[in-house]
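Shown here: upload35.txt, compact mmCIF, C-alpha atoms and all ligand atoms.
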```txt
# COMPACT_ATOMS: atom_id res chain seq x y z
CA MET A 1 -19.25 53.44 -50.38
CA THR A 2 -21.48 52.18 -47.66
CA ALA A 3 -20.73 53.29 -44.18
CA VAL A 4 -21.84 50.85 -41.57
CA SER A 5 -22.27 52.36 -38.21
CA ARG A 6 -21.62 49.94 -35.43
CA PRO A 7 -21.83 50.50 -31.72
CA ARG A 8 -18.50 50.53 -29.99
CA PRO A 9 -18.21 47.03 -28.63
CA ALA A 10 -16.47 48.05 -25.44
CA ALA A 11 -19.08 50.59 -24.44
CA VAL A 12 -22.10 49.23 -22.72
CA PRO A 13 -23.80 52.37 -21.48
CA TYR A 14 -26.46 50.64 -19.53
CA VAL A 15 -26.22 53.05 -16.68
CA ARG A 16 -28.08 56.16 -17.64
CA GLU A 17 -27.47 57.97 -14.43
CA VAL A 18 -24.59 57.43 -12.14
CA VAL A 19 -24.32 58.98 -8.75
CA ARG A 20 -20.75 59.57 -7.83
CA GLU A 21 -19.54 59.93 -4.34
CA VAL A 22 -15.99 61.04 -4.32
CA VAL A 23 -14.35 59.75 -1.24
CA PRO A 24 -11.68 62.02 0.16
CA VAL A 25 -8.28 60.83 -0.86
CA PRO A 26 -6.78 59.44 2.32
CA ALA A 27 -3.14 60.23 1.71
CA ARG A 28 -1.97 63.65 0.64
CA GLU A 29 -0.91 63.61 -2.96
CA PRO A 30 2.83 63.67 -3.36
CA SER A 31 4.21 67.06 -4.35
CA ASP A 32 5.38 67.64 -7.90
CA ALA A 33 8.94 67.68 -6.65
CA GLU A 34 8.43 64.32 -4.96
CA VAL A 35 6.98 62.85 -8.14
CA ALA A 36 9.99 64.21 -10.04
CA ARG A 37 12.41 62.74 -7.51
CA ARG A 38 10.82 59.30 -7.68
CA PHE A 39 10.59 59.55 -11.48
CA CYS A 40 14.34 60.02 -11.63
CA ALA A 41 14.85 57.16 -9.23
CA GLY A 42 13.00 54.88 -11.65
CA ASP A 43 9.84 54.43 -9.60
CA GLU A 44 7.29 53.12 -12.09
CA GLN A 45 4.38 54.58 -10.17
CA ALA A 46 5.99 57.99 -10.57
CA LEU A 47 5.85 57.62 -14.35
CA ALA A 48 2.14 56.96 -14.04
CA GLU A 49 1.75 59.92 -11.72
CA ALA A 50 3.75 62.19 -14.01
CA TYR A 51 1.52 61.09 -16.87
CA GLU A 52 -1.57 61.74 -14.80
CA ARG A 53 -0.44 65.25 -13.96
CA TRP A 54 1.23 66.42 -17.13
CA ALA A 55 0.04 64.38 -20.08
CA GLY A 56 -2.71 66.95 -20.68
CA GLN A 57 -0.16 69.71 -21.02
CA VAL A 58 2.09 67.66 -23.31
CA HIS A 59 -0.79 66.38 -25.39
CA GLY A 60 -2.19 69.91 -25.65
CA LEU A 61 1.01 70.98 -27.39
CA ALA A 62 0.95 67.97 -29.66
CA VAL A 63 -2.68 68.51 -30.59
CA ARG A 64 -2.06 72.14 -31.36
CA ALA A 65 0.79 71.18 -33.69
CA PHE A 66 -0.94 68.29 -35.45
CA GLY A 67 -4.61 68.37 -34.51
CA PRO A 68 -6.18 65.52 -32.60
CA GLY A 69 -5.29 62.09 -33.91
CA PRO A 70 -2.48 59.60 -34.32
CA ASP A 71 0.32 62.11 -34.97
CA ALA A 72 -0.39 63.99 -31.76
CA GLU A 73 -0.82 60.75 -29.85
CA ASP A 74 2.52 59.48 -31.15
CA VAL A 75 4.22 62.69 -30.02
CA THR A 76 2.76 62.40 -26.52
CA GLN A 77 3.68 58.76 -26.32
CA GLN A 78 7.23 59.38 -27.56
CA THR A 79 7.63 62.25 -25.11
CA PHE A 80 6.88 60.13 -22.07
CA VAL A 81 8.81 57.13 -23.31
CA ALA A 82 11.84 59.33 -24.05
CA ALA A 83 11.52 61.03 -20.68
CA TRP A 84 11.39 57.70 -18.90
CA THR A 85 14.28 56.12 -20.73
CA GLY A 86 16.26 59.35 -20.52
CA ARG A 87 15.36 60.19 -16.94
CA ALA A 88 19.02 60.20 -15.93
CA GLY A 89 19.31 63.35 -18.03
CA TYR A 90 16.82 65.25 -15.91
CA SER A 91 18.09 67.52 -13.21
CA ALA A 92 15.75 69.17 -10.75
CA ALA A 93 18.15 72.09 -10.64
CA ALA A 94 17.40 72.73 -14.30
CA GLY A 95 13.71 73.26 -13.66
CA PRO A 96 10.50 71.43 -12.86
CA LEU A 97 9.78 68.08 -14.45
CA PRO A 98 6.77 69.31 -16.50
CA ALA A 99 8.96 71.97 -18.13
CA TRP A 100 11.43 69.25 -19.03
CA LEU A 101 8.64 67.13 -20.48
CA VAL A 102 7.42 70.07 -22.55
CA GLY A 103 10.96 70.56 -23.85
CA ILE A 104 11.08 66.93 -24.94
CA CYS A 105 7.67 67.34 -26.54
CA ARG A 106 8.98 70.24 -28.65
CA HIS A 107 11.73 67.98 -29.90
CA LYS A 108 9.23 65.31 -30.80
CA ILE A 109 7.06 67.84 -32.62
CA ALA A 110 10.03 69.09 -34.61
CA ASP A 111 11.14 65.51 -35.31
CA THR A 112 7.66 64.70 -36.56
CA TRP A 113 7.70 67.71 -38.85
CA ALA A 114 11.01 66.49 -40.22
CA LYS A 115 9.63 63.00 -40.73
CA MET A 116 6.61 64.42 -42.53
CA ALA A 117 8.88 66.49 -44.76
CA ARG A 118 10.88 63.39 -45.67
CA GLN A 119 7.69 61.48 -46.43
CA ARG A 120 6.43 64.33 -48.56
CA ARG A 121 9.67 64.37 -50.51
CA SER A 122 9.43 60.64 -51.10
CA ALA A 123 5.85 60.99 -52.23
CA GLU A 124 6.80 63.76 -54.59
CA ALA A 125 9.69 61.81 -55.97
CA ALA A 126 7.30 58.98 -56.64
CA ALA A 127 4.72 61.20 -58.28
CA ALA A 128 4.38 60.35 -61.94
CA ASP A 129 3.30 63.74 -63.13
CA VAL A 130 6.19 66.12 -62.72
CA ARG A 131 4.01 69.13 -63.41
CA SER A 132 1.81 68.34 -60.43
CA ARG A 133 4.65 68.76 -57.98
CA PRO A 134 4.72 71.81 -55.78
CA ASP A 135 7.26 74.44 -56.56
CA PRO A 136 10.52 72.75 -55.58
CA THR A 137 11.99 75.93 -54.12
CA ASP A 138 9.01 76.29 -51.80
CA THR A 139 9.35 72.69 -50.71
CA ALA A 140 13.05 73.13 -50.07
CA ARG A 141 12.40 76.20 -47.98
CA VAL A 142 9.90 74.42 -45.78
CA ASP A 143 12.21 71.43 -45.38
CA ASP A 144 15.08 73.71 -44.43
CA ALA A 145 13.03 75.41 -41.74
CA VAL A 146 12.05 72.02 -40.38
CA ALA A 147 15.65 70.85 -40.25
CA ASP A 148 16.80 74.11 -38.71
CA ARG A 149 14.22 73.82 -35.96
CA VAL A 150 15.53 70.40 -35.02
CA LEU A 151 19.05 71.83 -35.02
CA LEU A 152 18.13 74.79 -32.82
CA LEU A 153 16.13 72.72 -30.32
CA GLY A 154 19.19 70.52 -29.97
CA GLU A 155 21.33 73.58 -29.34
CA LEU A 156 18.85 74.82 -26.74
CA ASP A 157 19.39 71.58 -24.84
CA ARG A 158 23.05 72.42 -24.51
CA ILE A 159 22.42 75.82 -23.00
CA GLY A 160 22.78 75.96 -19.24
CA GLN A 161 20.51 77.59 -16.72
CA PRO A 162 19.33 80.22 -16.20
CA GLN A 163 20.07 81.16 -19.81
CA ARG A 164 17.89 78.40 -21.17
CA ARG A 165 14.91 79.28 -19.03
CA ILE A 166 15.24 82.92 -20.00
CA ILE A 167 15.24 82.26 -23.73
CA GLU A 168 12.43 79.73 -23.42
CA LEU A 169 10.30 82.32 -21.67
CA ALA A 170 11.04 84.73 -24.49
CA PHE A 171 10.39 82.21 -27.26
CA PHE A 172 7.66 80.02 -25.90
CA ALA A 173 5.88 82.15 -23.33
CA ASP A 174 6.16 85.36 -25.34
CA LEU A 175 7.38 87.34 -22.35
CA THR A 176 9.30 90.58 -22.69
CA HIS A 177 12.69 90.89 -21.01
CA THR A 178 11.05 93.01 -18.29
CA GLN A 179 8.47 90.32 -17.64
CA ILE A 180 11.17 87.64 -17.62
CA ALA A 181 13.13 89.58 -15.01
CA ALA A 182 10.01 89.92 -12.89
CA ARG A 183 9.11 86.25 -13.32
CA THR A 184 12.56 84.87 -12.53
CA GLY A 185 13.90 87.46 -10.13
CA ILE A 186 16.99 87.81 -12.28
CA PRO A 187 18.22 91.40 -12.67
CA LEU A 188 17.10 93.13 -15.86
CA GLY A 189 20.64 93.76 -17.11
CA THR A 190 21.50 90.09 -16.65
CA VAL A 191 18.38 88.99 -18.51
CA LYS A 192 19.27 91.26 -21.42
CA SER A 193 22.83 90.05 -21.68
CA HIS A 194 21.74 86.39 -21.46
CA ILE A 195 19.20 86.97 -24.22
CA ARG A 196 21.83 88.56 -26.41
CA ARG A 197 24.41 85.84 -25.89
CA THR A 198 21.88 83.07 -26.43
CA LEU A 199 20.53 84.61 -29.64
CA GLU A 200 24.07 85.06 -30.92
CA ARG A 201 24.84 81.47 -30.09
CA LEU A 202 21.76 80.22 -31.93
CA ARG A 203 22.50 82.46 -34.91
CA ASP A 204 26.06 81.12 -35.04
CA ARG A 205 24.80 77.56 -34.92
CA LEU A 206 22.50 78.25 -37.86
CA GLU A 207 25.26 79.89 -39.85
CA VAL A 208 27.59 76.97 -39.31
CA ASP A 209 25.23 74.01 -39.54
CA GLY A 210 21.91 75.38 -40.76
CA ALA A 211 20.21 73.85 -43.75
CA ALA A 212 18.88 77.09 -45.20
CA LEU A 213 20.86 78.82 -47.91
CA HIS A 214 22.73 81.83 -46.72
CA PRO A 215 22.09 85.09 -48.51
CA MET B 216 24.16 108.40 -32.63
CA PRO B 217 26.53 105.45 -32.21
CA HIS B 218 25.39 101.93 -33.10
CA SER B 219 22.80 100.38 -30.82
CA THR B 220 24.10 98.04 -28.15
CA PRO B 221 24.08 94.32 -28.94
CA GLU B 222 21.51 93.89 -26.14
CA GLN B 223 19.14 96.34 -27.81
CA LEU B 224 19.58 94.61 -31.14
CA ALA B 225 18.76 91.25 -29.56
CA LEU B 226 15.60 92.67 -28.04
CA ALA B 227 14.69 94.12 -31.43
CA ALA B 228 15.13 90.65 -32.93
CA LEU B 229 12.64 89.35 -30.36
CA GLY B 230 10.20 92.00 -31.52
CA GLU B 231 10.41 94.14 -28.41
CA PRO B 232 9.95 97.86 -28.97
CA LEU B 233 13.18 99.87 -28.70
CA PRO B 234 13.69 103.28 -27.14
CA ASP B 235 13.00 106.00 -29.72
CA ALA B 236 16.65 106.86 -30.28
CA ASP B 237 17.54 103.21 -30.99
CA ALA B 238 14.53 102.76 -33.23
CA ALA B 239 15.50 105.82 -35.24
CA HIS B 240 19.08 104.65 -35.54
CA LEU B 241 18.11 101.17 -36.56
CA ALA B 242 15.89 102.48 -39.33
CA GLY B 243 18.86 104.18 -40.94
CA CYS B 244 21.77 101.84 -40.17
CA ALA B 245 22.41 98.93 -42.49
CA GLN B 246 24.90 97.31 -40.14
CA CYS B 247 22.56 97.23 -37.15
CA SER B 248 19.63 96.15 -39.35
CA ALA B 249 21.65 93.26 -40.72
CA GLU B 250 22.54 92.18 -37.20
CA VAL B 251 18.89 92.25 -36.16
CA ALA B 252 17.93 90.23 -39.23
CA ALA B 253 20.53 87.57 -38.42
CA LEU B 254 19.44 87.35 -34.77
CA ARG B 255 15.83 87.14 -35.86
CA ARG B 256 16.32 83.90 -37.75
CA PRO B 257 16.36 81.68 -34.66
CA VAL B 258 13.46 83.69 -33.27
CA ASP B 259 11.41 83.15 -36.41
CA LEU B 260 12.17 79.44 -36.35
CA LEU B 261 11.43 78.76 -32.70
CA ALA B 262 9.02 81.41 -31.48
CA VAL B 263 6.16 79.87 -33.42
CA PRO B 264 2.72 79.15 -32.02
CA GLU B 265 3.14 75.41 -32.55
CA LEU B 266 5.98 75.34 -30.03
CA ALA B 267 4.62 77.83 -27.53
CA GLY B 268 4.14 76.57 -24.01
CA THR B 269 0.65 77.87 -23.52
CA ALA B 270 -1.53 75.34 -25.26
CA THR B 271 -4.86 74.30 -23.84
CA GLU B 272 -4.53 71.03 -21.98
CA VAL B 273 -5.94 68.04 -23.81
CA THR B 274 -6.39 64.68 -22.13
CA PRO B 275 -4.89 62.00 -24.35
CA PRO B 276 -7.04 58.99 -25.23
CA PRO B 277 -6.41 55.86 -23.14
CA GLN B 278 -4.40 54.08 -25.81
CA VAL B 279 -1.59 56.60 -25.34
CA TRP B 280 -0.91 55.38 -21.81
CA THR B 281 -1.28 51.79 -22.97
CA ALA B 282 1.40 52.38 -25.59
CA ILE B 283 3.69 54.09 -23.07
CA ALA B 284 3.23 51.25 -20.60
CA ALA B 285 3.98 48.74 -23.34
CA ALA B 286 7.08 50.59 -24.53
CA THR B 287 8.51 51.14 -21.06
CA GLY B 288 7.43 47.88 -19.48
CA VAL B 289 5.82 49.86 -16.71
CA SER B 290 2.77 48.18 -15.26
CA ALA B 291 1.59 50.90 -12.91
CA ALA B 292 -1.54 52.80 -13.90
CA PRO B 293 -2.15 56.52 -13.70
CA PRO B 294 -3.71 57.13 -10.31
CA SER B 295 -6.80 58.91 -11.59
CA SER B 296 -8.60 55.63 -11.52
CA GLY B 297 -8.42 55.39 -7.77
CA ALA B 298 -10.34 56.57 -4.76
CA GLU B 299 -13.74 56.81 -6.29
CA VAL B 300 -16.72 54.92 -5.03
CA VAL B 301 -19.26 54.47 -7.77
CA PRO B 302 -22.64 53.03 -7.01
CA LEU B 303 -24.06 51.15 -9.93
CA ARG B 304 -27.59 52.06 -10.59
CA PRO B 305 -29.74 49.08 -11.44
CA ARG B 306 -31.36 49.42 -14.79
CA ARG B 307 -34.75 48.86 -13.31
CA SER B 308 -36.33 49.17 -9.95
CA ARG B 309 -34.71 46.89 -7.47
CA THR B 310 -34.91 46.48 -3.81
CA ARG B 311 -31.44 47.67 -3.14
CA TRP B 312 -28.61 49.76 -4.27
CA LEU B 313 -25.23 48.29 -4.25
CA THR B 314 -22.60 50.71 -3.32
CA LEU B 315 -19.62 49.33 -5.01
CA ALA B 316 -16.06 50.16 -4.53
CA ALA B 317 -14.77 50.19 -8.04
CA ALA B 318 -11.72 51.83 -6.66
CA VAL B 319 -8.55 50.57 -8.08
CA LEU B 320 -6.75 50.06 -4.87
CA VAL B 321 -3.34 51.40 -4.22
CA GLY B 322 -0.82 49.40 -6.11
CA GLY B 323 0.00 48.56 -9.64
CA VAL B 324 -2.80 47.78 -11.97
CA VAL B 325 -2.02 45.82 -15.04
CA GLY B 326 -1.34 47.89 -18.09
CA GLY B 327 -2.12 46.10 -21.30
CA ALA B 328 0.80 44.44 -22.95
CA ALA B 329 3.29 45.59 -20.39
CA VAL B 330 2.68 42.67 -18.17
CA ALA B 331 5.40 40.59 -16.69
CA LEU B 332 4.94 36.89 -17.08
CA THR B 333 4.86 35.51 -13.63
CA ARG B 334 4.56 31.82 -14.11
CA ASP B 335 3.65 29.28 -16.64
CA ASP B 336 1.90 26.04 -16.34
CA ASP B 337 0.23 23.56 -18.59
CA THR B 338 -3.32 24.67 -18.07
CA GLY B 339 -3.69 27.42 -20.61
CA GLY B 340 -0.68 29.68 -20.62
CA ALA B 341 1.24 32.01 -18.41
CA VAL B 342 -0.55 33.93 -15.71
CA VAL B 343 -0.13 37.58 -16.60
CA ALA B 344 -2.45 39.13 -14.04
CA THR B 345 -4.50 38.12 -11.07
CA ALA B 346 -7.31 39.60 -9.06
CA ALA B 347 -8.61 38.61 -5.68
CA LEU B 348 -12.38 38.80 -5.88
CA ASP B 349 -13.69 40.20 -2.66
CA PRO B 350 -17.33 40.18 -1.64
CA LEU B 351 -19.21 43.40 -2.00
CA PRO B 352 -21.02 44.62 1.10
CA ALA B 353 -23.68 42.19 2.28
CA GLU B 354 -22.64 39.54 -0.24
CA ASP B 355 -20.85 36.32 0.42
CA ALA B 356 -19.29 35.61 -2.94
CA SER B 357 -15.55 35.63 -3.33
CA GLY B 358 -12.89 34.07 -5.44
CA ARG B 359 -9.96 34.67 -7.64
CA ALA B 360 -9.45 35.58 -11.29
CA GLU B 361 -6.39 34.98 -13.42
CA VAL B 362 -5.60 36.28 -16.86
CA ARG B 363 -3.59 33.76 -18.81
CA ASP B 364 -1.76 34.24 -22.04
CA ALA B 365 -1.10 31.27 -24.29
CA ASP B 366 0.80 32.41 -27.35
CA GLY B 367 -1.03 35.71 -27.48
CA THR B 368 -4.46 34.28 -26.79
CA ARG B 369 -5.72 35.42 -23.46
CA SER B 370 -8.28 33.88 -21.24
CA LEU B 371 -9.82 34.68 -17.91
CA GLN B 372 -9.98 31.90 -15.37
CA VAL B 373 -12.41 32.56 -12.57
CA ASP B 374 -12.55 30.48 -9.42
CA LEU B 375 -15.79 31.51 -7.79
CA ASP B 376 -16.99 30.60 -4.33
CA ALA B 377 -20.60 31.72 -4.16
CA PRO B 378 -24.02 30.48 -3.17
CA SER B 379 -25.97 28.56 -5.74
CA LEU B 380 -28.69 30.56 -7.39
CA PRO B 381 -32.25 29.23 -7.52
CA ASP B 382 -32.87 31.27 -10.64
CA GLY B 383 -30.43 33.39 -12.47
CA TYR B 384 -26.71 33.00 -13.06
CA TYR B 385 -23.36 34.58 -12.41
CA GLU B 386 -21.70 36.62 -15.10
CA VAL B 387 -18.22 38.11 -15.15
CA TRP B 388 -17.36 41.52 -16.58
CA LEU B 389 -14.29 43.66 -16.99
CA LEU B 390 -15.04 47.20 -15.90
CA GLN B 391 -13.38 50.48 -16.34
CA PRO B 392 -12.61 52.02 -12.96
CA ASP B 393 -15.59 54.35 -13.28
CA ALA B 394 -17.84 51.29 -13.48
CA ILE B 395 -19.70 52.86 -16.38
CA ARG B 396 -18.09 51.11 -19.31
CA MET B 397 -17.60 47.41 -19.26
CA VAL B 398 -17.01 44.37 -21.36
CA PRO B 399 -19.03 41.21 -20.76
CA VAL B 400 -16.71 38.24 -20.53
CA GLY B 401 -19.20 35.46 -20.00
CA VAL B 402 -21.19 33.24 -17.72
CA VAL B 403 -19.36 31.76 -14.77
CA HIS B 404 -20.25 28.82 -12.63
CA ARG B 405 -19.33 28.20 -9.07
CA GLY B 406 -15.89 26.70 -9.07
CA ASP B 407 -13.53 27.12 -12.01
CA THR B 408 -14.57 28.62 -15.31
CA VAL B 409 -12.24 29.58 -18.17
CA LEU B 410 -13.46 32.21 -20.60
CA PRO B 411 -11.73 33.63 -23.67
CA LEU B 412 -10.88 37.33 -23.62
CA PRO B 413 -11.48 39.47 -26.69
CA ASP B 414 -8.34 40.01 -28.74
CA GLY B 415 -7.07 43.53 -28.37
CA LEU B 416 -8.95 44.22 -25.17
CA ASP B 417 -6.84 46.60 -23.12
CA LEU B 418 -6.75 45.28 -19.60
CA GLY B 419 -5.20 48.55 -18.48
CA ALA B 420 -8.42 50.29 -19.47
CA TYR B 421 -10.67 47.58 -18.02
CA PRO B 422 -8.82 46.53 -14.90
CA VAL B 423 -11.70 45.59 -12.63
CA VAL B 424 -13.08 42.05 -12.59
CA ASP B 425 -16.73 42.12 -11.60
CA VAL B 426 -19.09 39.22 -10.93
CA SER B 427 -22.77 39.95 -11.19
CA VAL B 428 -25.98 38.08 -10.59
CA GLU B 429 -28.11 38.07 -13.72
CA PRO B 430 -31.77 37.15 -13.82
CA MET B 431 -33.06 34.93 -16.62
CA ASP B 432 -34.76 37.84 -18.28
CA GLY B 433 -33.05 37.85 -21.64
CA ASP B 434 -31.55 41.25 -21.02
CA PRO B 435 -27.89 41.08 -21.97
CA THR B 436 -26.83 44.14 -19.99
CA HIS B 437 -25.42 44.20 -16.49
CA SER B 438 -28.14 43.76 -13.89
CA GLY B 439 -26.56 46.27 -11.59
CA VAL B 440 -26.24 43.60 -8.91
CA SER B 441 -22.62 42.78 -8.34
CA VAL B 442 -21.50 40.30 -5.73
CA ALA B 443 -17.70 40.29 -5.95
CA ARG B 444 -15.00 42.43 -7.41
CA GLY B 445 -11.28 42.81 -7.62
CA SER B 446 -8.61 44.75 -9.49
CA LEU B 447 -6.19 42.96 -11.74
CA GLN B 448 -2.65 43.13 -10.49
CA ARG B 449 0.45 41.87 -12.15
ZN ZN C 501 24.05 100.93 -36.30
```
Write out the structure in this file as structure tokens.
Amino acid sequence: MTAVSRPRPAAVPYVREVVREVVPVPAREPSDAEVARRFCAGDEQALAEAYERWAGQVHGLAVRAFGPGPDAEDVTQQTFVAAWTGRAGYSAAAGPLPAWLVGICRHKIADTWAKMARQRRSAEAAAADVRSRPDPTDTARVDDAVADRVLLLGELDRIGQPQRRIIELAFFADLTHTQIAARTGIPLGTVKSHIRRTLERLRDRLEVDGAALHP
Amino acid sequence: MPHSTPEQLALAALGEPLPDADAAHLAGCAQCSAEVAALRRPVDLLAVPELAGTATEVTPPPQVWTAIAAATGVSAAPPSSGAEVVPLRPRRSRTRWLTLAAAVLVGGVVGGAAVALTRDDDTGGAVVATAALDPLPAEDASGRAEVRDADGTRSLQVDLDAPSLPDGYYEVWLLQPDAIRMVPVGVVHRGDTVLPLPDGLDLGAYPVVDVSVEPMDGDPTHSGVSVARGSLQR
């Protein structure tokens, strides 16, 4: 196969050296809270500003899950589109807007895993050579974990604050309960009991609706 | 020792070290171990590196915003493109530098497909974006540019008011806000010129209409001498 290398048509790098003078921004940037408030109010510029500030964080998660490329880009795109269309569901009391965006991004990552698992199953079903298929029990186990993640992320959404923030710090920031208490200012005993109740709730959800086989 | 408290078992499920007495009890108690194992299942499913909140930030490529703008119908642009003054360096020695405000001025810049149709007429499709072309410092060219869409085929109509050139010609470009990358659109005359736009060109990524003076030197690249500019607005 012959690879033809063509210059990118849109790039005309005729300027070898560019001197940049950054002019001071005349107006103070709006605060994150102000961007969040206008985002909720449906201000289109606030969507652009939210993207400007937090797309790197969201896309970083997506790239770590899928590597750079179309899958990660789809996740980032879906995250912002879902946030915009679902902005009525955001409450500043529940935490900063970027944390909410990251939560949506986790959903989109898990959804993409689930989609990939479905596609893999279809591909396997279509495979002519039965012997070439992966061990079906392995495949089932992976698919179950994928489905259970979607289930649990949905359950997390239903958990109120501060319980949700506490468990997210434990799961996603890898903080100990002592560190969570220090970070949030919530008493240690309260942190511990919230962690326990939340883990029990998630365990119960898995036992009732989980896809994995129970021992 | 009695069974460990549910709180201690939950912390064990998270992988936190337990006090010695609890650890010793847990090692020998089937009931507490089973509880830890059950509580660990959600931990194992969710506390995975792929979902952790501490990833390195990665700037998405421009088409991600274009797709978001298209899906939401939002025509604003991320503000990063603003407030920068970028002098274009001529590609060869010239008598002057043009300090050019490529700044995308405050206000909505057109984002790709997410453009509201503002009006339609019989001269080549609906106007989907316009730019007032303002003279650059020490120049006296000005005008107006309109992007029109006729059944998915876009064109750029430029109405240019500028001095006639004894030698050389005017050319119009679409620039990225950094004024480094650009797409040549074509030669424009004084008065009205209509030029086709490349299919698939993302106007959100190339929102600045630039008119340059080009010498008859056979060099197809931008001369570095711009006379008028403006940002496309819906
Ligand atoms: Zn026990």
Report task. Select all residues near (18.4, 57.8, -13.1) (cut-off 10 Å, inclusive, file coordinates), counting all atoms listed in the file, and output them as a ChimeraX atom specification. Result -> /A:37-43,84-91
Query - Val81 in chain A surroundings by only C-alpha atoms, 7 Å radius, close-in-sequence under 2 positions cut, as a PyMOL selection string - result: (chain A and resi 77-79+83-85) or (chain B and resi 283+286-287)
Query raised in the report: So which residues touch Val409 in chain B within 9 Å, counting only C-alpha atoms, skipping near sequence neighbours fewer than 4 positions away, as a list in words?
Result: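 Counting only the stated atoms, we get Ser370, Leu371, Gln372, Val373, Asp374 and Val403 of chain B.
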Query raised in the report: Out of A:Ser122, A:Gln45, A:Ser31, A:Gln163, which residue has the shortest atom-to-atom distance to chain B when counting only C-alpha atoms?
Result: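 That would be A:Gln45, the residue with the smallest distance to chain B.
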Report task. Collect all residues with atoms no farther than 8 Å from ligand ZN 501 (chain C), counting all atoms listed in the file, and output them as a VMD selection string. Result -> chain B and resid 217 to 219 240 to 241 243 to 248
Requested in this report: Please tell me which residues are no farther than 7 Å from (-1.0, 33.9, -13.8) in the file, counting all atoms listed in the file, and write them as a PyMOL selection string.
Outcome: chain B and resi 333-334+341-345+361-363
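Nearest residue to Gly415 in chain B among B:Pro381, B:Thr281, B:Gly230, B:Pro276 is B:Thr281, counting all atoms listed in the file.
If you look at CA of Arg205 in chain A and CA of Gly95 in chain A, they are 24.4 Å away from each other.
Nearest to Leu410 in chain B of all the residues B:Arg369, B:Arg449, B:Arg359, B:Arg255 is B:Arg369, based on all atoms listed in the file.
Note that the spacing between CA of Gly60 in chain A and CA of Thr274 in chain B amounts to 7.6 Å.
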Query raised in the report: Counting all atoms listed in the file, what is within 9 Å of range 186-196 of chain A, bar same-chain residues fewer than 6 positions away, as a ChimeraX atom specification?
Result: /A:162-164,166-167,170,177-178,180 /B:221-226,254
Query raised in the report: Which polymer residues have any atom within 12 Å of an atom of range 268-273 of chain B, counting all atoms listed in the file, with same-chain residues fewer than 3 positions away left out, as a VMD selection string?
Result: (chain A and resid 52 to 65 67 to 69 72 to 73 76 98 to 106 168 to 175) or (chain B and resid 261 to 265 276)
Atoms kept (C-alpha atoms) for selection, written as a compact mmCIF listing (two decimals), in the coordinates of the input:
```txt
# COMPACT_ATOMS: atom_id res chain seq x y z
CA GLU A 52 -1.57 61.74 -14.80
CA ARG A 53 -0.44 65.25 -13.96
CA TRP A 54 1.23 66.42 -17.13
CA ALA A 55 0.04 64.38 -20.08
CA GLY A 56 -2.71 66.95 -20.68
CA GLN A 57 -0.16 69.71 -21.02
CA VAL A 58 2.09 67.66 -23.31
CA HIS A 59 -0.79 66.38 -25.39
CA GLY A 60 -2.19 69.91 -25.65
CA LEU A 61 1.01 70.98 -27.39
CA ALA A 62 0.95 67.97 -29.66
CA VAL A 63 -2.68 68.51 -30.59
CA ARG A 64 -2.06 72.14 -31.36
CA ALA A 65 0.79 71.18 -33.69
CA GLY A 67 -4.61 68.37 -34.51
CA PRO A 68 -6.18 65.52 -32.60
CA GLY A 69 -5.29 62.09 -33.91
CA ALA A 72 -0.39 63.99 -31.76
CA GLU A 73 -0.82 60.75 -29.85
CA THR A 76 2.76 62.40 -26.52
CA PRO A 98 6.77 69.31 -16.50
CA ALA A 99 8.96 71.97 -18.13
CA TRP A 100 11.43 69.25 -19.03
CA LEU A 101 8.64 67.13 -20.48
CA VAL A 102 7.42 70.07 -22.55
CA GLY A 103 10.96 70.56 -23.85
CA ILE A 104 11.08 66.93 -24.94
CA CYS A 105 7.67 67.34 -26.54
CA ARG A 106 8.98 70.24 -28.65
CA GLU A 168 12.43 79.73 -23.42
CA LEU A 169 10.30 82.32 -21.67
CA ALA A 170 11.04 84.73 -24.49
CA PHE A 171 10.39 82.21 -27.26
CA PHE A 172 7.66 80.02 -25.90
CA ALA A 173 5.88 82.15 -23.33
CA ASP A 174 6.16 85.36 -25.34
CA LEU A 175 7.38 87.34 -22.35
CA LEU B 261 11.43 78.76 -32.70
CA ALA B 262 9.02 81.41 -31.48
CA VAL B 263 6.16 79.87 -33.42
CA PRO B 264 2.72 79.15 -32.02
CA GLU B 265 3.14 75.41 -32.55
CA PRO B 276 -7.04 58.99 -25.23
```
Query raised in the report: If you count only C-alpha atoms, which residues fall within 9 Å of Met431 in chain B, apart from same-chain ones fewer than 3 positions away, as a list in words?
Result: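 Final neighbour list, sorted by chain and number: Asp382, Gly383, Tyr384 and Asp434 of chain B.
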**Report entry** Pairwise distance for CA of His437 in chain B and CA of Val387 in chain B, rounded to one decimal in Å
**Finding:** 9.5 Å
Query raised in the report: Of the candidates B:Ala377, B:Ala346, B:Ala253, B:Val442, which shows the shortest atom-to-atom distance to Asp204 in chain A, using all atoms listed in the file?
Result: B:Ala253
Query raised in the report: For Lys108 in chain A, which of B:Leu233, B:Ala227, B:Val423, B:Leu266 is the closest residue, counting only C-alpha atoms?
Result: B:Leu266
Box for range 199-202 of chain A: with edges along x, y and z, all listed atoms inside and 3 Å added on each side, what are the centre and edge lengths in Å to one decimal, as JSON?
```
{"center_x": 22.7, "center_y": 82.6, "center_z": -30.8, "size_x": 10.3, "size_y": 10.8, "size_z": 8.3}
```
Query - Closest of A:Gln119, A:Thr176, A:Thr112, A:Gln161 to chain B - atom-to-atom distances counting only C-alpha atoms - result: A:Thr176
